[in-house]
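Trainee: Here it is, the structure, as structure tokens.
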There are 2 protein chains.
Amino acid sequence: MPNILDVAKRAGVAPTTAKRAIHEPHLLKPETLERVRQAIQELGYEPDQVAGGLRRGRTQTIGLMVGNIMEPFFALLVRTVAHAVQSRGYALIVTDNEYDSKLELANLRVLYGHRVSGLIIRSGYGESNLDYLKRMRERGTYVLEIDYFYPDSPFGHVMLDNEGSVFEGVRYLHALGHRRIATLGSYDPIYHPEERSRAFPKALQAVGLPLIEDYQRVILLTEPEAYRLTLELMRLPTPPTAIFSLNGTEAAGAFRALGELGLRIPQDVSLLTFDNYSWTSLVTPPLDVIEQPVEEMGRTAVEIVLEAVEHQTLDKVVRRRFPGKLIRRGSCGPPKDSS
Amino acid sequence: MPNILDVAKRAGVAPTTAKRAIHEPHLLKPETLERVRQAIQELGYEPDQVAGGLRRGRTQTIGLMVGNIMEPFFALLVRTVAHAVQSRGYALIVTDNEYDSKLELANLRVLYGHRVSGLIIRSGYGESNLDYLKRMRERGTYVLEIDYFYPDSPFGHVMLDNEGSVFEGVRYLHALGHRRIATLGSYDPIYHPEERSRAFPKALQAVGLPLIEDYQRVILLTEPEAYRLTLELMRLPTPPTAIFSLNGTEAAGAFRALGELGLRIPQDVSLLTFDNYSWTSLVTPPLDVIEQPVEEMGRTAVEIVLEAVEHQTLDKVVRRRFPGKLIRRGSCGPPKDSS
DNA sequence: GGAGATGATGGACACGTGACCATTTGGCTG
DNA sequence: CAGCCAAATGGTCACGTGTCCATCATCTCC
């Protein structure tokens with residue numbers, strides 16, 4: 001593996017001059033520059049980011065921790081972030097936490113060990129790793145939360161306008177005539193500290209609807225739990241006339257459950273969900289969704305992180321909100337009986 | 001950021017002793033070991049992988065290059081590989097090539113710059129980066145191909161048994177009575193050098209069916225191209241009675257096209273596809289698929305790579321094939337007219 | 001033509017670790 | 001208690017780069 005010394009020797013210049021050909025080529029005489037460039041070419045030299053990272057104190061590396069790479073929301077986020085950092089010459093180390101704070105801590109250690117310059121994190125619930133994140137920042141990593149943030153978090157974040165989107169969804173269903181609306185999972189300060197479920201009661205209040213206690217259940221926002229909860233809800237003596245799924249993963253479980261119960265959408269029950277996953281437009285009927293601008297959020301996150309990293313303003317706190325977009329396709333309609 | 005020297009000082013031992021507490025704790029007196037461990041704890045010391053990587057000549061890092069992270073096949077692969085390498089103390093750098101060899105080369109450079117110990121790559125088509133990969137191997141990176149491999153590749157690979165799976169799919173459709181079967185994309189040595197499309201004519205021959213030239217079109221295996229090709233095929237004077245989609249991304253385009261044409265599955269046309277993507281079981285009818293054991297393939301790839309890395313047997317070539325699994329759900333049936 | 005400014009190039013060192021070799025300590029034997 | 005050996009601990013240096021400071025050549029100006 002040739003290094004910069006080999007390049008210098010071959011070009012007949014001092015190591016410093018060779019390095020300058022890479023970082024400050026304008027300082028060199030064109031003729032010298034050309035000689036060095038040729039030597040680089042001939043040897044196939046490529047700078048060792050590891051050595052550079054050691055000297056610099058941080059690597060040209062960004063960490064991205066998501067909830068679960070399999071969820072299309074995160075897959076798209078990974079892709080967008082990967083492209084954005086690559087175009088700036090950084091590499092992306094990807095991990096997930098499966099919403100588990102122990103696994104999260106283990107993976108944070110790995111990222112810290114690799115001295116990532118920046119970290120974009122979708123933290124899990126449960127016991128907080130905020131202390132560890134703070135220490136990472138003290139030691140040179142810029143931290144930005146995405147999609148969720150810890151209460152009292154000292155870090156910036158990039159988020160959907162969850163409250164506004166829930167309000168919009170509830171207004172939409174209310175306008176269609178629905179009076180009995182259920183979300184798939186309700187708020188809980190510890191197990192489910194999520195903005196969407198938290199906003200739901202407020203949204204009902206805003207349109208003058210009561211919160212139906214029977215529909216309130218704390219669950220994980222996964223497909224199997226959403227499946228079970230949907231079955232339970234629809235078997236109640238007075239089932240909801242509309243189901244509001246809090247993410248696209250839940251929606252798959254709900255859709256499956258409704259299908260198995262033989263309920264027609266939207267005649268028997270309306271279904272609205274967050275996340276415009278591609279399958280939602282393939283099923284019958286295609287689903288009404290609230291789309292998140294995932295790519296814009298990802299690119300913004302990278303900009304914030306790299307800006308802070310390159311100016312070494314690690315304490316800068318940036319908070320950005322993005323609006324959701326309601327897409328109507330036909331899975332929501334007036335309720336059967338306006339009881 | 002405390003380093004091992006700070007730890008040594010605090011524990012009142014020499015640096016070497018402190019290092020041994022991490023790598024060879026059995027050499028230390030239990031009492032000394034305890035003192036060092038306490039110092040590590042108190043300082044919150046964590047080894048600098050960058051410095052270690054420099055000294056060692058390679059980092060505890062594996063590169064994974066996929067075609068497109070958004071495709072569920074690759075998303076699942078990323079997740080599996082990430083978990084597998086993390087459990088062995090490695091970090092994963094993820095990139096994609098969008099099946100474009102120029103982007104691929106740019107990203108390979110990034111990976112090489114970071115001195116990854118191993119590389120798992122799903123290469124794109126077109127101009128080959130084989131030379132660059134060979135140079136990476138010469139310089140210490142173990143290379144393993146996955147899902148596709150270059151003709152004359154000197155590297156090992158982990159692959160589906162594509163030919164066997166295509167044979168199984170064709171036998172299945174033939175047994176149902178189909179005589180006019182089309183794949184979504186046919187073989188081309190340069191633009192589409194893919195095992196599945198290549199195996200298709202042989203499979204037809206094996207069951208005694210002729211290859212219908214009218215159905216042979218070279219396309220990229222993407223959703224929009226599959227959508228267009230499906231429209232074209234079904235508008236032919238003598239359209240196919242069964243469509244064999246070569247991957248799950250194509251299947252979405254085909255399904256959409258068939259829906260727009262008002263064709264009923266499987267009464268008017270049967271649809272069979274590679275990849276058991278989750279949406280395929282949600283649509284009406286649920287699709288018959290050939291499932292790949294993605295997770296097993298990912299874990300196997302990691303095992304092969306880490307084994308070679310840790311024993312520094314970079315020239316070892318391992319080739320593994322995994323069988324596909326046909327799952328029947330109802331999207332394939334007898335053709336309308338057995339003409 | 002000499003002083004000073006500018007352009008162009010060179011040399012030395014530190015980043016934190018792992019590998020290797022050197023030294024000290026303690027226990028046992030005769 | 002000397003001698004020896006193993007156990008335990010210590011010291012030194014190189015990995016390849018980025019940064020800082022130093023040197024040398026050339027040009028300008030009065």
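Chain labels follow the order of the structure tokens: the first chain is A, the next B, and so on; residue numbering restarts at 1 in every chain, and ligands are counted from 1 in their shown order.
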When DSSP is applied to the backbone of this structure, which of segment 110-159 of chain B are assigned alpha helix (DSSP H)? Write them out as number ranges by chain.

Mentor: B: 110-113, 130-138

Trainee: Find the residues of chain A in contact range of chain D, meaning any atom within 12 Å when counting only C-alpha atoms (C1' of nucleotides), and list them as a list in words.

Mentor: Met1, Pro2, Asn3, Ile4, Leu5, Asp6, Pro15, Thr16, Ala18, Lys19, Arg20, Ile22, His23, Glu46, Pro47, Asp48, Gln49, Val50, Ala51, Gly52, Gly53, Leu54, Arg55, Arg56, Gly57, Arg58 and Thr59 of chain A

Trainee: Please provide the set of residues having any atom within 12 Å of segment 162-170 of chain B, restricted to only C-alpha atoms (C1' of nucleotides), with same-chain residues fewer than 4 positions apart removed, written as a PyMOL selection string.

Mentor: chain B and resi 147-148+158+174-183+194-209+242-247+270-275+288-292+321-328+332

Trainee: Looking only at the backbone, which of the residues in segment 112-220 of chain A does DSSP tag as strand (DSSP E or B), as a VMD selection string?

Mentor: chain A and resid 118 to 121 142 to 146 156 to 160 181 to 183 188 192

Trainee: Deliver the residues from the most recent selection as a file, using C-alpha atoms, as a PDB file, in the first residue's frame.

Mentor:
ATOM      1  CA  GLY A 118     -21.375  13.299  13.681  1.00  0.00           C
ATOM      2  CA  LEU A 119     -24.269  11.152  14.770  1.00  0.00           C
ATOM      3  CA  ILE A 120     -27.828  11.162  13.493  1.00  0.00           C
ATOM      4  CA  ILE A 121     -29.919   9.130  15.855  1.00  0.00           C
ATOM      5  CA  TYR A 142     -22.029  16.345  16.939  1.00  0.00           C
ATOM      6  CA  VAL A 143     -25.348  14.742  17.829  1.00  0.00           C
ATOM      7  CA  LEU A 144     -28.667  15.292  16.068  1.00  0.00           C
ATOM      8  CA  GLU A 145     -31.887  13.474  16.807  1.00  0.00           C
ATOM      9  CA  ILE A 146     -34.323  12.532  14.094  1.00  0.00           C
ATOM     10  CA  GLY A 156     -31.127  19.548  17.992  1.00  0.00           C
ATOM     11  CA  HIS A 157     -33.564  17.509  15.979  1.00  0.00           C
ATOM     12  CA  VAL A 158     -35.276  17.038  12.636  1.00  0.00           C
ATOM     13  CA  MET A 159     -38.902  16.040  13.000  1.00  0.00           C
ATOM     14  CA  LEU A 160     -42.227  15.766  11.308  1.00  0.00           C
ATOM     15  CA  ILE A 181     -61.955   7.142  15.907  1.00  0.00           C
ATOM     16  CA  ALA A 182     -59.204   4.927  17.365  1.00  0.00           C
ATOM     17  CA  THR A 183     -55.461   5.231  17.095  1.00  0.00           C
ATOM     18  CA  ASP A 188     -47.687   6.491  27.782  1.00  0.00           C
ATOM     19  CA  HIS A 192     -44.751   4.964  24.385  1.00  0.00           C
TER      20      HIS A 192
END

Trainee: With chain B as the partner and 12 Å as the cut-off, tabulate the residues of chain C that qualify, each row holding the nearest pair of atoms and their distance in Å to one decimal, using only C-alpha atoms (C1' of nucleotides), sorted by chain and rising number, as a Markdown table.

Mentor:
| residue | atom | partner | partner_atom | distance |
| --- | --- | --- | --- | --- |
| C:DC15 | C1' | B:Ala51 | CA | 8.0 |
| C:DG16 | C1' | B:Ala51 | CA | 5.1 |
| C:DT17 | C1' | B:Gly52 | CA | 4.7 |
| C:DG18 | C1' | B:Arg55 | CA | 6.1 |
| C:DA19 | C1' | B:Arg55 | CA | 9.1 |
| C:DC20 | C1' | B:Thr16 | CA | 11.4 |

Trainee: Take the residues from that selection and put them in a file with C-alpha atoms (C1' of nucleotides), as a compact mmCIF listing (two decimals), in the first residue's frame.

Mentor:
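The resulting file, again34.txt, is shown below:
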# COMPACT_ATOMS: atom_id res chain seq x y z
C1' DC C 15 -2.12 11.77 17.27
C1' DG C 16 -3.21 6.63 20.36
C1' DT C 17 -2.49 2.31 19.67
C1' DG C 18 -0.28 -2.65 19.07
C1' DA C 19 3.89 -5.32 18.69
C1' DC C 20 8.03 -6.52 20.44

Trainee: For chain B, work out the contacting residues on chain A at 8 Å, counting only C-alpha atoms, and write them as number ranges by chain.

Mentor: A: 1, 46-51, 53-54, 59, 68-70, 72, 75-76, 78-79, 82-83, 86, 89-96, 107, 109-111, 113-115, 139, 252, 255-256, 279, 282-284

Trainee: Can you list, as a tab-separated table (two decimals) with N, CA and C atoms, in the first residue's frame, every protein, DNA or RNA residue that comes within 9 Å of Arg217 of chain B when you count only C-alpha atoms (C1' of nucleotides), leaving out same-chain residues fewer than 6 positions away?

Mentor:
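The result, stored in around-v2.tsv:
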chain	number	residue	atom	x	y	z
B	183	THR	N	-40.89	-13.67	-19.14
B	183	THR	CA	-40.17	-13.06	-18.01
B	183	THR	C	-40.11	-11.56	-18.23
B	184	LEU	N	-39.95	-10.82	-17.16
B	184	LEU	CA	-39.85	-9.36	-17.29
B	184	LEU	C	-38.39	-8.97	-17.49
B	185	GLY	N	-37.96	-9.07	-18.73
B	185	GLY	CA	-36.58	-8.78	-19.07
B	185	GLY	C	-35.87	-10.04	-19.50
B	186	SER	N	-35.16	-9.95	-20.62
B	186	SER	CA	-34.45	-11.14	-21.08
B	186	SER	C	-32.94	-10.88	-21.05
B	187	TYR	N	-32.22	-11.96	-21.19
B	187	TYR	CA	-30.78	-11.92	-21.01
B	187	TYR	C	-30.05	-11.10	-22.07
B	229	LEU	N	-43.11	-2.72	-19.56
B	229	LEU	CA	-43.00	-3.98	-20.31
B	229	LEU	C	-44.26	-4.83	-20.14
